[in-house]
$ cat start_0.pdb   # PDB, C-alpha atoms and all ligand atoms
ATOM      1  CA  MET A   1       0.000   0.000   0.000
ATOM      2  CA  THR A   2       1.321   3.468  -0.846
ATOM      3  CA  ALA A   3       1.899   6.103   1.794
ATOM      4  CA  ALA A   4      -0.648   8.821   2.433
ATOM      5  CA  GLN A   5      -0.123  12.423   3.517
ATOM      6  CA  VAL A   6      -2.835  13.306   6.003
ATOM      7  CA  ALA A   7      -3.884  16.091   8.355
ATOM      8  CA  ALA A   8      -4.059  14.047  11.558
ATOM      9  CA  THR A   9      -5.869  15.362  14.620
ATOM     10  CA  VAL A  10      -4.123  14.644  17.927
ATOM     11  CA  MET A  11      -6.518  12.454  19.916
ATOM     12  CA  ASP A  12      -4.439  11.819  23.008
ATOM     13  CA  VAL A  13      -1.095  12.833  24.534
ATOM     14  CA  ARG A  14       0.294  10.768  27.407
ATOM     15  CA  ARG A  15       3.564  10.633  29.304
ATOM     16  CA  LYS A  16       5.065   7.134  29.515
ATOM     17  CA  GLY A  17       8.216   7.246  31.639
ATOM     18  CA  ASP A  18      10.645   9.499  29.765
ATOM     19  CA  TYR A  19       8.535   9.262  26.612
ATOM     20  CA  VAL A  20       5.496  10.998  25.200
ATOM     21  CA  ALA A  21       2.889   8.936  23.339
ATOM     22  CA  LEU A  22       0.833  10.695  20.678
ATOM     23  CA  ARG A  23      -2.333   9.106  19.336
ATOM     24  CA  LEU A  24      -3.271  10.547  15.967
ATOM     25  CA  ALA A  25      -6.462  10.221  13.925
ATOM     26  CA  ALA A  26      -4.995   8.836  10.701
ATOM     27  CA  PRO A  27      -7.174   5.956   9.449
ATOM     28  CA  ARG A  28      -5.609   6.005   5.961
ATOM     29  CA  ILE A  29      -2.143   5.443   7.458
ATOM     30  CA  ALA A  30      -3.444   2.857   9.924
ATOM     31  CA  ALA A  31      -5.129   0.915   7.105
ATOM     32  CA  GLY A  32      -1.816   0.135   5.427
ATOM     33  CA  ALA A  33       0.436  -0.084   8.491
ATOM     34  CA  ARG A  34       2.664  -3.103   9.124
ATOM     35  CA  PRO A  35       5.091  -3.715  12.002
ATOM     36  CA  GLY A  36       8.451  -2.007  11.448
ATOM     37  CA  GLN A  37       7.119   0.824   9.307
ATOM     38  CA  PHE A  38       7.292   4.458  10.341
ATOM     39  CA  ALA A  39       5.590   7.812   9.903
ATOM     40  CA  ALA A  40       7.176  11.188   9.113
ATOM     41  CA  LEU A  41       5.707  14.107  11.038
ATOM     42  CA  ALA A  42       6.077  17.773  10.039
ATOM     43  CA  VAL A  43       7.066  19.887  13.037
ATOM     44  CA  GLY A  44       6.847  23.531  14.068
ATOM     45  CA  GLY A  45       3.766  24.619  12.138
ATOM     46  CA  SER A  46       3.433  26.114   8.656
ATOM     47  CA  ASP A  47       5.865  29.044   9.119
ATOM     48  CA  SER A  48       8.514  27.016  10.965
ATOM     49  CA  PRO A  49      12.193  27.028   9.941
ATOM     50  CA  MET A  50      12.239  23.316  10.879
ATOM     51  CA  LEU A  51      11.772  22.152   7.305
ATOM     52  CA  LEU A  52      12.500  18.451   7.755
ATOM     53  CA  ARG A  53       9.959  15.929   8.904
ATOM     54  CA  ARG A  54      10.807  13.828  11.966
ATOM     55  CA  CYS A  55      10.411  10.062  11.679
ATOM     56  CA  PHE A  56       8.881   7.756  14.294
ATOM     57  CA  SER A  57       8.149   4.030  14.332
ATOM     58  CA  LEU A  58       4.501   3.087  14.297
ATOM     59  CA  ALA A  59       4.062   1.892  17.880
ATOM     60  CA  GLY A  60       0.460   0.808  17.372
ATOM     61  CA  TRP A  61      -2.635   1.380  15.283
ATOM     62  CA  ASP A  62      -6.305   0.516  14.949
ATOM     63  CA  ALA A  63      -9.077   1.479  12.545
ATOM     64  CA  GLY A  64      -9.130   5.051  13.864
ATOM     65  CA  GLY A  65      -5.496   5.980  13.977
ATOM     66  CA  ILE A  66      -1.870   5.457  14.846
ATOM     67  CA  GLU A  67       0.341   5.866  17.894
ATOM     68  CA  VAL A  68       3.926   7.134  17.960
ATOM     69  CA  VAL A  69       6.046   7.312  21.115
ATOM     70  CA  LEU A  70       8.816   9.876  21.223
ATOM     71  CA  ALA A  71      11.793  10.809  23.321
ATOM     72  CA  VAL A  72      12.438  14.537  23.468
ATOM     73  CA  THR A  73      15.909  14.905  21.978
ATOM     74  CA  GLY A  74      15.778  18.277  20.201
ATOM     75  CA  ARG A  75      13.574  21.103  19.000
ATOM     76  CA  GLY A  76      11.313  19.025  16.777
ATOM     77  CA  THR A  77      10.472  16.395  19.358
ATOM     78  CA  ALA A  78      10.054  19.097  22.036
ATOM     79  CA  TRP A  79       7.493  20.810  19.796
ATOM     80  CA  LEU A  80       5.670  17.513  19.223
ATOM     81  CA  ALA A  81       5.618  16.784  22.966
ATOM     82  CA  ARG A  82       3.790  20.105  23.515
ATOM     83  CA  ARG A  83       0.896  19.159  21.210
ATOM     84  CA  ARG A  84      -2.523  18.827  22.773
ATOM     85  CA  PRO A  85      -5.728  16.958  21.782
ATOM     86  CA  GLY A  86      -7.395  18.765  18.898
ATOM     87  CA  ASP A  87      -4.133  20.018  17.349
ATOM     88  CA  VAL A  88      -3.605  18.913  13.761
ATOM     89  CA  LEU A  89      -0.331  17.426  12.456
ATOM     90  CA  ASP A  90       0.850  16.875   8.880
ATOM     91  CA  VAL A  91       1.822  13.183   8.752
ATOM     92  CA  VAL A  92       3.102  10.930   5.952
ATOM     93  CA  GLY A  93       2.971   7.161   6.302
ATOM     94  CA  PRO A  94       3.197   4.273   6.466
ATOM     95  CA  LEU A  95       6.784   4.440   5.174
ATOM     96  CA  GLY A  96       9.569   1.907   4.721
ATOM     97  CA  GLN A  97       9.783  -1.856   4.568
ATOM     98  CA  PRO A  98       8.203  -3.799   7.441
ATOM     99  CA  PHE A  99       9.542  -6.798   9.344
ATOM    100  CA  ARG A 100       8.898  -9.995   7.421
ATOM    101  CA  LEU A 101       6.954 -12.685   9.248
ATOM    102  CA  PRO A 102       8.124 -16.321   9.042
ATOM    103  CA  GLU A 103       6.399 -18.495   6.443
ATOM    104  CA  ARG A 104       5.674 -21.145   9.075
ATOM    105  CA  PRO A 105       5.145 -20.837  12.846
ATOM    106  CA  GLN A 106       8.459 -20.762  14.713
ATOM    107  CA  THR A 107       9.742 -19.328  17.972
ATOM    108  CA  CYS A 108      10.906 -15.738  17.564
ATOM    109  CA  VAL A 109      13.049 -13.519  19.774
ATOM    110  CA  LEU A 110      12.399  -9.766  19.742
ATOM    111  CA  VAL A 111      15.072  -7.441  21.125
ATOM    112  CA  GLY A 112      14.370  -3.763  21.787
ATOM    113  CA  GLY A 113      16.630  -1.002  23.062
ATOM    114  CA  GLY A 114      14.969   2.119  24.513
ATOM    115  CA  TYR A 115      12.286   3.424  22.147
ATOM    116  CA  GLY A 116      13.333   0.660  19.770
ATOM    117  CA  ALA A 117      10.712  -1.370  21.641
ATOM    118  CA  ALA A 118       8.000   0.682  19.902
ATOM    119  CA  PRO A 119       7.644  -1.360  16.689
ATOM    120  CA  LEU A 120       8.174  -4.652  18.512
ATOM    121  CA  VAL A 121       4.785  -4.596  20.251
ATOM    122  CA  PRO A 122       2.762  -4.705  17.001
ATOM    123  CA  LEU A 123       5.335  -7.179  15.649
ATOM    124  CA  ALA A 124       4.838  -9.453  18.672
ATOM    125  CA  ALA A 125       1.058  -9.288  18.183
ATOM    126  CA  ALA A 126       1.400 -10.176  14.481
ATOM    127  CA  LEU A 127       3.748 -13.081  15.258
ATOM    128  CA  ARG A 128       1.448 -14.454  17.937
ATOM    129  CA  ALA A 129      -1.504 -14.173  15.539
ATOM    130  CA  ALA A 130       0.591 -16.224  13.054
ATOM    131  CA  GLY A 131       1.098 -18.937  15.673
ATOM    132  CA  CYS A 132       4.687 -18.031  16.629
ATOM    133  CA  PRO A 133       5.802 -18.231  20.277
ATOM    134  CA  VAL A 134       7.457 -14.912  21.180
ATOM    135  CA  ARG A 135      10.309 -14.183  23.616
ATOM    136  CA  MET A 136      11.106 -10.535  24.191
ATOM    137  CA  ALA A 137      14.125  -8.786  25.672
ATOM    138  CA  LEU A 138      13.735  -5.077  26.381
ATOM    139  CA  GLY A 139      16.636  -2.958  27.567
ATOM    140  CA  ALA A 140      17.392   0.674  28.310
ATOM    141  CA  ALA A 141      19.866   2.880  30.130
ATOM    142  CA  GLY A 142      17.558   3.084  33.157
ATOM    143  CA  ALA A 143      14.031   2.237  34.284
ATOM    144  CA  SER A 144      12.461   5.449  32.983
ATOM    145  CA  ARG A 145      13.878   4.790  29.484
ATOM    146  CA  LEU A 146      12.259   1.360  29.240
ATOM    147  CA  MET A 147       9.352   1.289  26.855
ATOM    148  CA  ALA A 148       6.337  -0.983  26.399
ATOM    149  CA  VAL A 149       7.198  -3.523  29.107
ATOM    150  CA  ALA A 150       3.576  -3.870  30.280
ATOM    151  CA  ALA A 151       2.308  -4.248  26.709
ATOM    152  CA  ALA A 152       5.024  -6.813  25.985
ATOM    153  CA  GLU A 153       4.074  -8.810  29.081
ATOM    154  CA  GLN A 154       0.509  -9.053  27.790
ATOM    155  CA  ILE A 155       1.551 -10.356  24.372
ATOM    156  CA  ALA A 156       4.820 -12.257  24.634
ATOM    157  CA  ASP A 157       5.402 -15.675  26.205
ATOM    158  CA  THR A 158       8.422 -14.363  28.111
ATOM    159  CA  VAL A 159       9.802 -10.865  28.698
ATOM    160  CA  THR A 160      13.310 -10.202  29.996
ATOM    161  CA  VAL A 161      14.140  -6.658  31.094
ATOM    162  CA  THR A 162      17.631  -5.183  31.418
ATOM    163  CA  THR A 163      18.919  -1.758  32.398
ATOM    164  CA  ASP A 164      22.481  -0.501  32.178
ATOM    165  CA  ASP A 165      22.272   0.944  35.721
ATOM    166  CA  GLY A 166      20.331  -1.940  37.296
ATOM    167  CA  SER A 167      17.324   0.275  38.171
ATOM    168  CA  ALA A 168      14.948  -2.347  36.693
ATOM    169  CA  GLY A 169      15.345  -5.963  35.634
ATOM    170  CA  ARG A 170      18.819  -7.378  35.232
ATOM    171  CA  ARG A 171      21.817  -5.043  35.277
ATOM    172  CA  GLY A 172      23.595  -4.955  31.942
ATOM    173  CA  ARG A 173      22.896  -4.720  28.255
ATOM    174  CA  VAL A 174      20.023  -6.341  26.493
ATOM    175  CA  SER A 175      22.444  -8.195  24.239
ATOM    176  CA  ASP A 176      23.967  -9.827  27.368
ATOM    177  CA  VAL A 177      20.815 -11.900  27.939
ATOM    178  CA  LEU A 178      20.311 -12.819  24.293
ATOM    179  CA  PRO A 179      22.572 -15.913  24.100
ATOM    180  CA  ASP A 180      20.446 -17.630  26.784
ATOM    181  CA  MET A 181      17.281 -16.935  24.788
ATOM    182  CA  LEU A 182      18.309 -18.432  21.458
ATOM    183  CA  THR A 183      17.707 -22.150  22.030
ATOM    184  CA  GLY A 184      15.140 -23.457  19.541
ATOM    185  CA  VAL A 185      14.607 -20.060  17.950
ATOM    186  CA  GLY A 186      13.806 -19.495  14.257
ATOM    187  CA  THR A 187      14.292 -15.738  13.774
ATOM    188  CA  VAL A 188      15.639 -12.844  15.819
ATOM    189  CA  TYR A 189      14.130  -9.372  15.335
ATOM    190  CA  ALA A 190      15.645  -6.197  16.758
ATOM    191  CA  CYS A 191      15.179  -2.443  16.888
ATOM    192  CA  GLY A 192      17.344  -0.013  18.815
ATOM    193  CA  PRO A 193      20.681   1.785  18.700
ATOM    194  CA  MET A 194      23.113   0.729  15.980
ATOM    195  CA  ALA A 195      25.632  -0.809  18.423
ATOM    196  CA  MET A 196      22.871  -2.981  19.900
ATOM    197  CA  LEU A 197      21.723  -4.051  16.426
ATOM    198  CA  ALA A 198      25.293  -4.973  15.495
ATOM    199  CA  ALA A 199      25.615  -7.112  18.634
ATOM    200  CA  VAL A 200      22.247  -8.807  18.053
ATOM    201  CA  ALA A 201      23.025  -9.541  14.393
ATOM    202  CA  ARG A 202      26.434 -10.977  15.371
ATOM    203  CA  LEU A 203      24.978 -13.185  18.107
ATOM    204  CA  ALA A 204      22.167 -14.452  15.859
ATOM    205  CA  ALA A 205      24.598 -15.226  13.035
ATOM    206  CA  GLY A 206      26.913 -16.965  15.509
ATOM    207  CA  ALA A 207      24.002 -19.170  16.587
ATOM    208  CA  GLY A 208      23.195 -19.905  12.934
ATOM    209  CA  MET A 209      19.877 -18.099  12.750
ATOM    210  CA  PRO A 210      18.590 -15.214  10.633
ATOM    211  CA  SER A 211      17.966 -11.784  12.090
ATOM    212  CA  GLN A 212      16.024  -8.767  10.932
ATOM    213  CA  VAL A 213      17.099  -5.395  12.281
ATOM    214  CA  ALA A 214      15.288  -2.050  12.053
ATOM    215  CA  VAL A 215      17.978   0.624  11.723
ATOM    216  CA  GLU A 216      17.643   4.247  12.707
ATOM    217  CA  GLU A 217      19.748   6.324  10.349
ATOM    218  CA  SER A 218      19.184  10.079  10.333
ATOM    219  CA  MET A 219      16.543  10.856   7.731
ATOM    220  CA  ALA A 220      15.858  14.159   6.034
ATOM    221  CA  CYS A 221      13.095  13.390   3.518
ATOM    222  CA  GLY A 222      11.952   9.912   4.597
ATOM    223  CA  VAL A 223      10.763   9.092   1.071
ATOM    224  CA  GLY A 224      13.873   8.143  -0.909
ATOM    225  CA  VAL A 225      14.841  11.487  -2.458
ATOM    226  CA  CYS A 226      17.762  12.971  -0.493
ATOM    227  CA  MET A 227      20.151  10.039   0.204
ATOM    228  CA  THR A 228      20.728  11.260   3.808
ATOM    229  CA  CYS A 229      19.828   7.871   5.219
ATOM    230  CA  VAL A 230      22.161   5.593   3.249
ATOM    231  CA  LEU A 231      24.178   2.842   4.870
ATOM    232  CA  PRO A 232      26.312   0.025   3.423
ATOM    233  CA  VAL A 233      24.235  -3.094   2.800
ATOM    234  CA  ILE A 234      25.316  -6.293   1.029
ATOM    235  CA  GLY A 235      22.976  -7.243  -1.820
ATOM    236  CA  ASP A 236      21.907 -10.661  -3.143
ATOM    237  CA  ASP A 237      24.888 -10.511  -5.544
ATOM    238  CA  GLY A 238      27.329 -10.182  -2.636
ATOM    239  CA  ARG A 239      28.213  -6.579  -3.496
ATOM    240  CA  THR A 240      27.874  -3.665  -1.081
ATOM    241  CA  ARG A 241      25.698  -0.723  -2.051
ATOM    242  CA  MET A 242      24.947   2.479  -0.190
ATOM    243  CA  THR A 243      21.287   1.717   0.454
ATOM    244  CA  ARG A 244      18.492   4.070   1.492
ATOM    245  CA  SER A 245      17.166   3.009   4.881
ATOM    246  CA  CYS A 246      13.941   5.004   4.430
ATOM    247  CA  LEU A 247      12.983   3.157   1.245
ATOM    248  CA  ASP A 248      14.744  -0.230   1.277
ATOM    249  CA  GLY A 249      14.711  -0.333   5.113
ATOM    250  CA  PRO A 250      14.458   0.484   7.912
ATOM    251  CA  VAL A 251      14.276  -3.302   8.279
ATOM    252  CA  PHE A 252      17.220  -5.233   6.809
ATOM    253  CA  PRO A 253      18.547  -8.771   7.255
ATOM    254  CA  GLY A 254      21.054  -8.388  10.093
ATOM    255  CA  ASP A 255      23.796 -10.234   8.235
ATOM    256  CA  ARG A 256      23.574  -7.854   5.273
ATOM    257  CA  VAL A 257      24.273  -4.591   7.138
ATOM    258  CA  ARG A 258      27.975  -3.719   7.330
ATOM    259  CA  PHE A 259      27.743  -2.282  10.814
ATOM    260  CA  GLU A 260      31.502  -1.693  11.108
ATOM    261  CA  ALA A 261      31.325   0.621   8.077
ATOM    262  CA  VAL A 262      28.141   2.575   8.896
ATOM    263  CA  GLY A 263      28.882   6.272   8.495
ATOM    264  CA  THR A 264      31.442   5.613   5.744
ATOM    265  CA  VAL A 265      31.396   4.608   2.084
ATOM    266  CA  PRO A 266      33.460   1.392   2.003
ATOM    267  CA  ALA A 267      36.046   1.333  -0.787
ATOM    268  CA  ASP A 268      34.480  -1.845  -2.223
ATOM    269  CA  ALA A 269      30.952  -0.376  -2.366
ATOM    270  CA  VAL A 270      29.434  -0.115  -5.835
ATOM    271  CA  GLY A 271      30.146   3.401  -7.134
ATOM    272  CA  ALA A 272      32.551   4.310  -4.298
ATOM    273  CA  PRO A 273      34.993   7.093  -5.232
TER     274      PRO A 273
HETATM  275  C1  LIG A 301      12.912   5.053  11.069
HETATM  276  C2  LIG A 301      13.058   5.869  12.331
HETATM  277  C3  LIG A 301      12.256   5.577  13.423
HETATM  278  C4  LIG A 301      12.363   6.335  14.586
HETATM  279  N1  LIG A 301      11.531   6.035  15.635
HETATM  280  C5  LIG A 301      11.570   6.788  16.737
HETATM  281  C6  LIG A 301      10.655   6.526  17.813
HETATM  282  O1  LIG A 301       9.808   5.617  17.761
HETATM  283  N2  LIG A 301      10.736   7.323  18.914
HETATM  284  C7  LIG A 301      11.673   8.340  18.992
HETATM  285  O2  LIG A 301      11.705   9.021  20.013
HETATM  286  N3  LIG A 301      12.535   8.608  17.990
HETATM  287  C8  LIG A 301      12.499   7.866  16.867
HETATM  288  N4  LIG A 301      13.371   8.141  15.844
HETATM  289  C9  LIG A 301      14.353   9.246  16.022
HETATM  290  C10 LIG A 301      13.677  10.576  15.762
HETATM  291  O3  LIG A 301      13.372  10.683  14.388
HETATM  292  C11 LIG A 301      14.632  11.714  16.160
HETATM  293  O4  LIG A 301      14.870  11.635  17.553
HETATM  294  C12 LIG A 301      14.021  13.052  15.850
HETATM  295  O5  LIG A 301      13.938  13.231  14.467
HETATM  296  C13 LIG A 301      14.847  14.164  16.465
HETATM  297  O6  LIG A 301      14.271  15.399  16.074
HETATM  298  P1  LIG A 301      14.546  16.723  16.902
HETATM  299  O7  LIG A 301      14.134  17.886  16.071
HETATM  300  O8  LIG A 301      13.934  16.634  18.256
HETATM  301  O9  LIG A 301      16.084  16.689  17.105
HETATM  302  P2  LIG A 301      17.218  17.380  16.245
HETATM  303  O10 LIG A 301      18.479  16.781  16.698
HETATM  304  O11 LIG A 301      17.084  18.857  16.301
HETATM  305  O12 LIG A 301      16.922  16.895  14.754
HETATM  306  C14 LIG A 301      17.536  17.512  13.687
HETATM  307  C15 LIG A 301      17.476  16.603  12.475
HETATM  308  O13 LIG A 301      18.200  15.395  12.681
HETATM  309  C16 LIG A 301      17.366  14.254  12.499
HETATM  310  N5  LIG A 301      17.685  13.328  13.612
HETATM  311  C17 LIG A 301      18.164  13.676  14.815
HETATM  312  N6  LIG A 301      18.349  12.601  15.571
HETATM  313  C18 LIG A 301      17.993  11.548  14.844
HETATM  314  C19 LIG A 301      17.966  10.158  15.089
HETATM  315  N7  LIG A 301      18.368   9.627  16.254
HETATM  316  N8  LIG A 301      17.512   9.355  14.117
HETATM  317  C20 LIG A 301      17.122   9.862  12.942
HETATM  318  N9  LIG A 301      17.109  11.168  12.654
HETATM  319  C21 LIG A 301      17.546  11.999  13.586
HETATM  320  C22 LIG A 301      15.968  14.788  12.577
HETATM  321  O14 LIG A 301      15.064  14.034  11.769
HETATM  322  C23 LIG A 301      16.087  16.185  12.071
HETATM  323  O15 LIG A 301      16.012  16.205  10.667
HETATM  324  C24 LIG A 301      13.301   7.407  14.681
HETATM  325  C25 LIG A 301      14.118   7.691  13.582
HETATM  326  C26 LIG A 301      14.007   6.935  12.433
HETATM  327  C27 LIG A 301      14.875   7.271  11.263
HETATM  328  S1  LIG A 302      15.758  10.088   4.109
HETATM  329 FE1  LIG A 302      15.890  10.974   2.137
HETATM  330  S2  LIG A 302      16.490   9.283   0.908
HETATM  331 FE2  LIG A 302      16.141   8.400   2.839
END
$ encode --input "start_0.pdb" --output "structure tokens" --more "lines below"
Ligand SMILES: Cc1cc2nc3c(=O)[nH]c(=O)nc-3n(C[C@H](O)[C@H](O)[C@H](O)COP(=O)(O)OP(=O)(O)OC[C@H]3O[C@@H](n4cnc5c(N)ncnc54)[C@H](O)[C@@H]3O)c2cc1C
Ligand code: FES
Amino acid sequence: MTAAQVAATVMDVRRKGDYVALRLAAPRIAAGARPGQFAALAVGGSDSPMLLRRCFSLAGWDAGGIEVVLAVTGRGTAWLARRRPGDVLDVVGPLGQPFRLPERPQTCVLVGGGYGAAPLVPLAAALRAAGCPVRMALGAAGASRLMAVAAAEQIADTVTVTTDDGSAGRRGRVSDVLPDMLTGVGTVYACGPMAMLAAVARLAAGAGMPSQVAVEESMACGVGVCMTCVLPVIGDDGRTRMTRSCLDGPVFPGDRVRFEAVGTVPADAVGAP
């Protein structure tokens, strides 16, 4: 389904730990949404100097609308966090390639770091609906940066929580608990910071199982025009190309992303200078 640009009325604004959840009336976006996709929100109003849209994973949706959950990290997210019910936002979505579900039921592990948990809740629901047992591991720097633990506990068969500072769950990184979760698993899914995704992809590959990772590269246009979001990805022919994460991602097979070279153009990439 193609993306729609809609004027979405804010239906609800809620604080969730360090995050702000916005529920937006956007039935046309909700109708085509799949887990792992994102929406691009205009910020600042019509006369704003903030020209670029800000991208957020679709954290949930129903017939009436979509939910995004944001951390305030700069001017755009601060402006969004000040919205109130009845305000209208310019939203484009659903964008990007979703997580792929297994062809047959199999046990799946879902790993989320911080707000990377957002797309994993609808993914867990879709996997369960497809007959897949789901194990989730959610990690964050501290308890207030954990996201969606209660929702995960309602959907997943098991949920393991980690925090770097030990303020909730086990002390340590979410990738620390992953090796113990991989027995009998078919696919590993992950969303979170790039270093976490690299660790998850490495551990999954080491255990001989496929992974799908949702990357978060900075995006300017969100629709494939500007090339801001490229990262080195190995294609079916074995060659590396600088690949647009907004269009061909954000979800990629974990073993295809050259994590060690993200932020560079590897010399062996097709078209490299
Ligand atoms: C596919 C995708 C999904 C995302 N999902 C979420 C989510 O569910 N919740 C959430 O809180 N954040 C999410 N982000 C990050 C979010 O887009 C940035 O935090 C936000 O754009 C920052 O805007 P700002 O104006 O507050 O900050 P500024 O730093 O002022 O932003 C300036 C510019 O940099 C870009 N930018 C800055 N930080 C990031 C970043 N970490 N990733 C990508 N672009 C960035 C912005 O889009 C903007 O164009 C996601 C990003 C991507 C690409
Ligand atoms: S963000 Fe512009 S091409 Fe991807």
$ closest_residue --input "start_0.pdb" --among "A:Ala26, A:Met11, A:Val213, A:Cys221" --to "Val188 of chain A" --atoms "all atoms listed in the file"
A:Val213
$ resolve_selection --input "start_0.pdb" --expression "the PyMOL selection byres (((chain A and resi 144) around 10) and not hetatm)" --output "JSON, numbers by chain"
{"A": [16, 17, 18, 19, 114, 140, 141, 142, 143, 145, 146, 147, 163, 167, 168]}
$ resolve_selection --input "start_0.pdb" --expression "the PyMOL selection byres (((chain A and resi 214) around 12) and not hetatm)" --output "VMD selection string"
chain A and resid 35 to 38 56 to 57 96 to 100 110 to 113 115 to 120 123 188 to 194 196 to 198 200 to 201 211 to 213 215 to 217 245 to 246 248 to 254 257
$ resolve_selection --input "start_0.pdb" --expression "the PyMOL selection byres (((not hetatm)) within 6 of (chain A and resi 302))" --output "PDB file with C-alpha atoms, in the coordinates of the input"
ATOM      1  CA  MET A 219      16.543  10.856   7.731  1.00  0.00           C
ATOM      2  CA  ALA A 220      15.858  14.159   6.034  1.00  0.00           C
ATOM      3  CA  CYS A 221      13.095  13.390   3.518  1.00  0.00           C
ATOM      4  CA  GLY A 222      11.952   9.912   4.597  1.00  0.00           C
ATOM      5  CA  VAL A 223      10.763   9.092   1.071  1.00  0.00           C
ATOM      6  CA  GLY A 224      13.873   8.143  -0.909  1.00  0.00           C
ATOM      7  CA  VAL A 225      14.841  11.487  -2.458  1.00  0.00           C
ATOM      8  CA  CYS A 226      17.762  12.971  -0.493  1.00  0.00           C
ATOM      9  CA  MET A 227      20.151  10.039   0.204  1.00  0.00           C
ATOM     10  CA  THR A 228      20.728  11.260   3.808  1.00  0.00           C
ATOM     11  CA  CYS A 229      19.828   7.871   5.219  1.00  0.00           C
ATOM     12  CA  ARG A 244      18.492   4.070   1.492  1.00  0.00           C
ATOM     13  CA  SER A 245      17.166   3.009   4.881  1.00  0.00           C
ATOM     14  CA  CYS A 246      13.941   5.004   4.430  1.00  0.00           C
TER      15      CYS A 246
END
$ residues_around --input "start_0.pdb" --residues "Val233 of chain A" --least-positions-apart "2" --cutoff "8 Å" --atoms "all atoms listed in the file" --output "ChimeraX atom specification"
/A:231,235,240-243,256-258
$ closest_residue --input "start_0.pdb" --among "A:Ala267, A:Leu58, A:Ala63, A:Val91" --to "Leu41 of chain A" --atoms "only C-alpha atoms"
A:Val91
$ residues_near_point --input "start_0.pdb" --point "(21.0, -24.0, 20.9)" --cutoff "12 Å" --atoms "only C-alpha atoms" --output "list in words"
Leu178, Pro179, Asp180, Met181, Leu182, Thr183, Gly184, Val185, Gly186, Leu203, Ala204, Gly206, Ala207, Gly208 and Met209 of chain A
$ atom_distance --input "start_0.pdb" --atom1 "atom O15 of ligand LIG 301 (chain A)" --atom2 "atom CA of Gly74 of chain A"
9.8 Å
$ residues_around --input "start_0.pdb" --residues "Ala33 of chain A" --least-positions-apart "3" --cutoff "10 Å" --atoms "all atoms listed in the file" --output "ChimeraX atom specification"
/A:1,3,27-30,36-39,58,60-62,66,93-95,98,122
$ closest_residue --input "start_0.pdb" --among "A:Ala151, A:Leu51, A:Leu247, A:Ala7" --to "Val121 of chain A" --atoms "only C-alpha atoms"
A:Ala151
$ residues_around --input "start_0.pdb" --residues "Arg173 of chain A" --least-positions-apart "3" --cutoff "7 Å" --atoms "only C-alpha atoms" --output "count of residues only"
5
$ residues_around --input "start_0.pdb" --residues "Leu24 of chain A" --least-positions-apart "2" --cutoff "8 Å" --atoms "only C-alpha atoms" --output "list in words"
Ala8, Thr9, Val10, Met11, Asp12, Leu22, Ala26, Gly65, Ile66 and Glu67 of chain A
$ closest_residue --input "start_0.pdb" --among "A:Ala4, A:Leu101, A:Leu138, A:Val161" --to "Ala126 of chain A" --atoms "all atoms listed in the file"
A:Leu101
$ axis_aligned_box --input "start_0.pdb" --around "segment 30-44 of chain A" --padding-each-side "4 Å" --output "AutoDock Vina command-line options"
--center_x 1.7 --center_y 9.9 --center_z 9.7 --size_x 21.6 --size_y 35.2 --size_z 16.6
$ build_atoms --input "start_0.pdb" --residues "segment 35-45 of chain A" --atoms "N, CA and C atoms" --output "PDB file, keeping the file's coordinate frame"
ATOM      1  N   PRO A  35       4.065  -3.892  10.967  1.00  0.00           N
ATOM      2  CA  PRO A  35       5.091  -3.715  12.002  1.00  0.00           C
ATOM      3  C   PRO A  35       6.469  -3.428  11.411  1.00  0.00           C
ATOM      4  N   GLY A  36       7.129  -2.395  11.925  1.00  0.00           N
ATOM      5  CA  GLY A  36       8.451  -2.007  11.448  1.00  0.00           C
ATOM      6  C   GLY A  36       8.409  -0.754  10.591  1.00  0.00           C
ATOM      7  N   GLN A  37       7.218  -0.389  10.120  1.00  0.00           N
ATOM      8  CA  GLN A  37       7.119   0.824   9.307  1.00  0.00           C
ATOM      9  C   GLN A  37       7.082   2.065  10.197  1.00  0.00           C
ATOM     10  N   PHE A  38       7.233   3.220   9.572  1.00  0.00           N
ATOM     11  CA  PHE A  38       7.292   4.458  10.341  1.00  0.00           C
ATOM     12  C   PHE A  38       6.462   5.546   9.675  1.00  0.00           C
ATOM     13  N   ALA A  39       6.281   6.632  10.430  1.00  0.00           N
ATOM     14  CA  ALA A  39       5.590   7.812   9.903  1.00  0.00           C
ATOM     15  C   ALA A  39       6.525   9.007  10.014  1.00  0.00           C
ATOM     16  N   ALA A  40       6.355   9.967   9.106  1.00  0.00           N
ATOM     17  CA  ALA A  40       7.176  11.188   9.113  1.00  0.00           C
ATOM     18  C   ALA A  40       6.261  12.368   9.435  1.00  0.00           C
ATOM     19  N   LEU A  41       6.573  13.042  10.536  1.00  0.00           N
ATOM     20  CA  LEU A  41       5.707  14.107  11.038  1.00  0.00           C
ATOM     21  C   LEU A  41       6.351  15.474  10.768  1.00  0.00           C
ATOM     22  N   ALA A  42       5.602  16.393  10.162  1.00  0.00           N
ATOM     23  CA  ALA A  42       6.077  17.773  10.039  1.00  0.00           C
ATOM     24  C   ALA A  42       6.029  18.412  11.428  1.00  0.00           C
ATOM     25  N   VAL A  43       7.009  19.267  11.704  1.00  0.00           N
ATOM     26  CA  VAL A  43       7.066  19.887  13.037  1.00  0.00           C
ATOM     27  C   VAL A  43       7.146  21.416  12.924  1.00  0.00           C
ATOM     28  N   GLY A  44       6.653  22.087  13.948  1.00  0.00           N
ATOM     29  CA  GLY A  44       6.847  23.531  14.068  1.00  0.00           C
ATOM     30  C   GLY A  44       5.770  24.397  13.461  1.00  0.00           C
ATOM     31  N   GLY A  45       4.808  23.804  12.757  1.00  0.00           N
ATOM     32  CA  GLY A  45       3.766  24.619  12.138  1.00  0.00           C
ATOM     33  C   GLY A  45       4.178  25.127  10.766  1.00  0.00           C
TER      34      GLY A  45
END
